[in-house]
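File shown: protein28.txt. Contents: compact mmCIF, C-alpha atoms.
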```txt
# COMPACT_ATOMS: atom_id res chain seq x y z
CA MET N 1 0.00 0.00 0.00
CA GLY N 2 1.31 3.41 -0.94
CA ALA N 3 1.65 6.39 1.33
CA ILE N 4 0.84 9.91 0.17
CA LEU N 5 3.80 12.28 0.56
CA VAL N 6 3.01 15.97 0.04
CA HIS N 7 5.67 18.58 -0.73
CA GLU N 8 4.81 22.30 -0.57
CA PHE N 9 6.64 25.60 -0.68
CA ILE N 10 4.91 27.73 1.97
CA THR N 11 5.24 31.14 3.62
CA LEU N 12 5.14 31.73 7.37
CA ASP N 13 1.48 32.75 7.05
CA GLY N 14 0.58 29.57 5.16
CA VAL N 15 0.42 30.87 1.57
CA ILE N 16 1.23 28.29 -1.10
CA GLU N 17 -0.32 30.01 -4.11
CA ASN N 18 1.97 30.83 -7.06
CA PRO N 19 5.34 30.34 -5.36
CA ALA N 20 7.09 32.93 -7.56
CA TRP N 21 7.79 34.61 -4.21
CA SER N 22 10.37 31.85 -3.57
CA ALA N 23 12.75 32.99 -6.35
CA PRO N 24 14.71 35.61 -4.36
CA TYR N 25 15.79 32.91 -1.89
CA GLY N 26 17.46 30.73 -4.49
CA PHE N 27 17.50 26.98 -4.33
CA ASP N 28 19.85 25.42 -1.81
CA PRO N 29 21.24 22.12 -3.17
CA LYS N 30 20.26 20.44 0.11
CA MET N 31 16.63 21.32 -0.68
CA GLY N 32 17.05 19.46 -3.95
CA ASP N 33 18.42 16.48 -2.06
CA ALA N 34 15.40 16.47 0.27
CA ILE N 35 12.92 16.74 -2.61
CA ALA N 36 14.81 14.04 -4.54
CA GLU N 37 14.49 11.75 -1.52
CA ILE N 38 10.71 12.28 -1.44
CA MET N 39 10.44 11.69 -5.19
CA GLY N 40 12.85 8.76 -5.08
CA SER N 41 10.65 6.85 -2.65
CA SER N 42 7.59 7.45 -4.82
CA ARG N 43 6.21 5.39 -7.68
CA ALA N 44 3.42 7.72 -8.85
CA LEU N 45 2.14 11.30 -8.69
CA ILE N 46 -1.30 12.63 -7.91
CA MET N 47 -2.26 16.22 -8.64
CA GLY N 48 -5.16 18.55 -9.21
CA ARG N 49 -6.11 19.98 -12.60
CA VAL N 50 -4.48 23.40 -12.10
CA THR N 51 -1.16 21.83 -11.12
CA TYR N 52 -1.42 19.42 -14.04
CA GLU N 53 -1.94 22.36 -16.41
CA LEU N 54 1.17 24.06 -14.98
CA PHE N 55 3.37 20.96 -14.75
CA ALA N 56 2.59 19.26 -18.08
CA PRO N 57 4.06 21.92 -20.38
CA SER N 58 6.85 22.72 -17.93
CA TRP N 59 8.07 19.17 -17.26
CA SER N 60 7.19 17.25 -20.43
CA GLY N 61 10.04 18.78 -22.42
CA ARG N 62 12.70 18.42 -19.71
CA THR N 63 15.36 15.75 -19.67
CA ALA N 64 17.59 14.43 -16.88
CA GLU N 65 20.28 16.83 -18.15
CA ASP N 66 17.89 19.76 -17.59
CA ASP N 67 16.66 18.61 -14.18
CA PRO N 68 17.41 15.39 -12.28
CA GLY N 69 13.70 15.13 -11.36
CA ALA N 70 12.57 15.03 -14.99
CA PRO N 71 12.65 11.24 -15.44
CA PHE N 72 10.46 10.75 -12.38
CA MET N 73 8.03 13.50 -13.40
CA ASN N 74 7.77 12.31 -17.00
CA ASP N 75 7.98 8.53 -16.72
CA SER N 76 5.96 7.85 -13.56
CA PRO N 77 2.23 7.19 -13.63
CA LYS N 78 0.37 10.45 -13.02
CA TYR N 79 -3.18 10.71 -11.69
CA VAL N 80 -5.18 13.93 -11.98
CA VAL N 81 -8.13 14.63 -9.72
CA SER N 82 -10.45 16.69 -11.91
CA ALA N 83 -14.07 16.76 -12.95
CA THR N 84 -13.22 18.81 -16.06
CA LEU N 85 -9.92 17.56 -17.52
CA GLU N 86 -10.33 15.30 -20.52
CA ASP N 87 -7.73 13.67 -22.76
CA PRO N 88 -4.52 14.58 -20.93
CA THR N 89 -1.54 14.83 -23.26
CA TRP N 90 1.32 14.31 -20.78
CA ASN N 91 2.48 10.69 -21.06
CA ASN N 92 1.40 8.19 -18.41
CA THR N 93 -1.44 10.44 -17.18
CA SER N 94 -4.86 9.20 -16.09
CA VAL N 95 -7.81 11.29 -14.91
CA LEU N 96 -9.44 10.03 -11.71
CA GLY N 97 -12.47 12.30 -12.00
CA ALA N 98 -13.82 14.55 -9.27
CA TYR N 99 -12.35 14.29 -5.78
CA ASP N 100 -13.55 11.03 -4.24
CA VAL N 101 -12.09 9.65 -1.01
CA GLN N 102 -12.75 6.04 -2.03
CA LYS N 103 -11.00 6.47 -5.40
CA ILE N 104 -7.94 7.91 -3.67
CA GLN N 105 -7.94 5.16 -1.03
CA SER N 106 -8.13 2.59 -3.84
CA LEU N 107 -5.24 4.30 -5.62
CA LYS N 108 -3.17 4.20 -2.42
CA ALA N 109 -3.93 0.50 -2.04
CA SER N 110 -2.95 -0.26 -5.65
CA ILE N 111 0.43 1.53 -5.73
CA ASP N 112 3.46 -0.43 -4.58
CA GLY N 113 5.36 2.55 -3.21
CA ASN N 114 4.66 6.11 -2.23
CA ILE N 115 2.58 8.67 -4.09
CA TYR N 116 4.07 12.15 -4.55
CA VAL N 117 2.07 15.37 -4.44
CA SER N 118 3.41 18.87 -5.12
CA GLY N 119 1.28 21.99 -5.27
CA SER N 120 -2.38 21.08 -5.81
CA ALA N 121 -3.71 23.22 -2.94
CA THR N 122 -7.37 22.24 -3.26
CA LEU N 123 -6.53 18.55 -3.56
CA VAL N 124 -4.09 18.66 -0.62
CA ARG N 125 -6.63 20.43 1.61
CA GLY N 126 -9.09 17.61 0.84
CA LEU N 127 -6.47 14.94 1.46
CA LEU N 128 -5.56 16.54 4.79
CA ARG N 129 -9.21 16.92 5.81
CA ASP N 130 -9.86 13.26 5.01
CA GLY N 131 -6.74 11.93 6.75
CA LEU N 132 -5.13 10.65 3.53
CA VAL N 133 -1.77 12.45 3.83
CA ASP N 134 0.88 10.27 5.41
CA GLU N 135 3.75 12.80 5.31
CA LEU N 136 3.58 16.56 4.85
CA HIS N 137 6.87 18.16 3.77
CA LEU N 138 6.74 21.94 4.15
CA PHE N 139 9.56 24.07 2.81
CA MET N 140 8.89 27.19 4.90
CA TYR N 141 10.10 30.51 3.50
CA PRO N 142 10.87 33.32 5.96
CA LEU N 143 8.23 35.76 4.75
CA ALA N 144 4.56 36.53 5.26
CA LEU N 145 2.52 37.73 2.29
CA GLY N 146 -0.77 38.54 3.97
CA HIS N 147 -2.74 37.36 0.93
CA GLY N 148 -3.06 34.35 -1.35
CA ALA N 149 -4.38 30.83 -1.13
CA ARG N 150 -3.36 29.20 2.12
CA LEU N 151 -2.77 25.54 2.76
CA PHE N 152 -4.65 25.41 6.04
CA GLY N 153 -8.17 26.77 5.65
CA ASP N 154 -10.85 27.42 8.20
CA GLY N 155 -12.39 24.33 9.72
CA LEU N 156 -9.38 22.05 9.18
CA ASP N 157 -8.83 20.06 12.37
CA LEU N 158 -5.38 18.55 12.05
CA LYS N 159 -2.79 17.15 14.41
CA LEU N 160 0.65 16.28 13.06
CA SER N 161 3.86 14.86 14.51
CA LEU N 162 7.23 16.32 13.58
CA ILE N 163 9.41 13.76 11.80
CA THR N 164 12.37 16.01 11.02
CA ALA N 165 13.42 19.63 10.64
CA GLU N 166 16.30 20.92 8.54
CA THR N 167 17.48 24.50 8.04
CA TYR N 168 19.17 25.56 4.81
CA ASP N 169 21.74 28.30 4.21
CA ASN N 170 19.15 30.40 2.32
CA GLY N 171 16.93 30.65 5.42
CA ILE N 172 14.35 28.08 4.37
CA VAL N 173 13.32 25.38 6.82
CA HIS N 174 12.15 21.92 5.75
CA LEU N 175 9.59 20.63 8.24
CA ALA N 176 8.46 17.05 7.70
CA TYR N 177 5.33 15.95 9.55
CA GLY N 178 3.56 12.64 9.85
CA SER N 179 -0.15 12.38 10.36
CA GLU N 180 -1.59 11.35 13.69
CA LYS N 181 -4.47 9.06 12.87
```
Just dump the structure as structure tokens.
Amino acid sequence: MGAILVHEFITLDGVIENPAWSAPYGFDPKMGDAIAEIMGSSRALIMGRVTYELFAPSWSGRTAEDDPGAPFMNDSPKYVVSATLEDPTWNNTSVLGAYDVQKIQSLKASIDGNIYVSGSATLVRGLLRDGLVDELHLFMYPLALGHGARLFGDGLDLKLSLITAETYDNGIVHLAYGSEK
């Protein structure tokens, strides 16, 4: 049975929308190592429609020489939670349909390995609400924006356990949490 591992870039005030705000901080190579470890333990990806529409054109043309994560992103099975997406063009992509807890539980049960999630705010909020996230990896940037879509919305009752914390030279902190079920 697969575990769902979520990776998000997030501000101190919980904003995850359009992480262009992360650019001034650069990308510490140790962050890449941490993300590669999450990806490396995964055998599939699950994402929402908006993330699919951003990732497909961005990743589909990349090679391992461009980005070491490209083979995983391009070759792994990808599952899109969407009631509107039809005929995805990115290889190895299937549409699961609208968000359905039972479909996602079935997907978890059918994957021999972990399932990677990046971005996909609406999907991740649903997964968190329904107790389907096994690990939440937050790359916390030292800024507060005061506006934008936040990961943790009103009404989300969530208790997590810290697995690890790592600070990078660029001021970003990787906080990895496990769910308390």
Enumerate, in order of chain and increasing residue number, the residues of region 81-125 of chain N with an atom no farther than 8 Å from region 140-163 of chain N, each with its shortest atom pair and distance in Å to one decimal, counting only C-alpha atoms, as CSV.
```
residue,atom,partner,partner_atom,distance
N:Ala121,CA,N:Leu151,CA,6.2
N:Val124,CA,N:Leu151,CA,7.8
N:Arg125,CA,N:Leu151,CA,6.5
```
Distance of CA of Leu123 (chain N) from CA of Tyr79 (chain N), expressed in Å to one decimal place: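 Between these atoms lies a distance of 11.8 Å.
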Quote the spacing between CA of Asp13 (chain N) and CA of Ile115 (chain N) in Å to one decimal place.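 That distance, rounded to one decimal, is 26.6 Å.
Each of N:Val133, N:Ser76, N:Thr89, N:Ser179 was checked against Pro57 (chain N) using all atoms listed in the file; the smallest atom-to-atom distance is that of N:Thr89.
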Would you kindly return, as a list in words, each protein, DNA or RNA residue with an atom no farther than 10 Å from any atom of Ser118 (chain N), considering all atoms listed in the file and excluding same-chain residues fewer than 6 positions away? Leu5, Val6, His7, Glu8, Phe9, Leu45, Ile46, Met47, Gly48, Thr51, Phe55, Val124 and His137 of chain N
So how many Å separate CA of Gly113 (chain N) and CA of Gly178 (chain N), to one decimal?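 Pair CA of Gly113 (chain N) / CA of Gly178 (chain N) returns 16.6 Å.
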So that I can check the surroundings of Leu85 (chain N), please list as a PyMOL selection string every protein, DNA and RNA residue that reaches within 10 Å of it, counting all atoms listed in the file and ignoring chain neighbours fewer than 3 positions away. chain N and resi 48-50+52-53+80-82+88+94-98
Please provide as a list in words all residues within 9 Å of Met1 (chain N), with the sequence filter that same-chain residues fewer than 4 positions apart are discarded (counting all atoms listed in the file). Leu107, Lys108, Ala109, Ser110, Ile111, Asp112, Gly113 and Asn114 of chain N
With 10 Å as the threshold, what does the neighbourhood of (11.9, 25.6, 3.1) contain in terms of residues, counting all atoms listed in the file? Coordinates are those of the file; answer as an MDAnalysis selection string. chainID N and resid 8:11 22 25 27:28 31 137:142 165:168 170:175
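Checking N:Thr93, N:Ser106, N:Ser41, N:Ser58 one by one against Asp75 (chain N), counting all atoms listed in the file, you find the shortest gap at N:Thr93.
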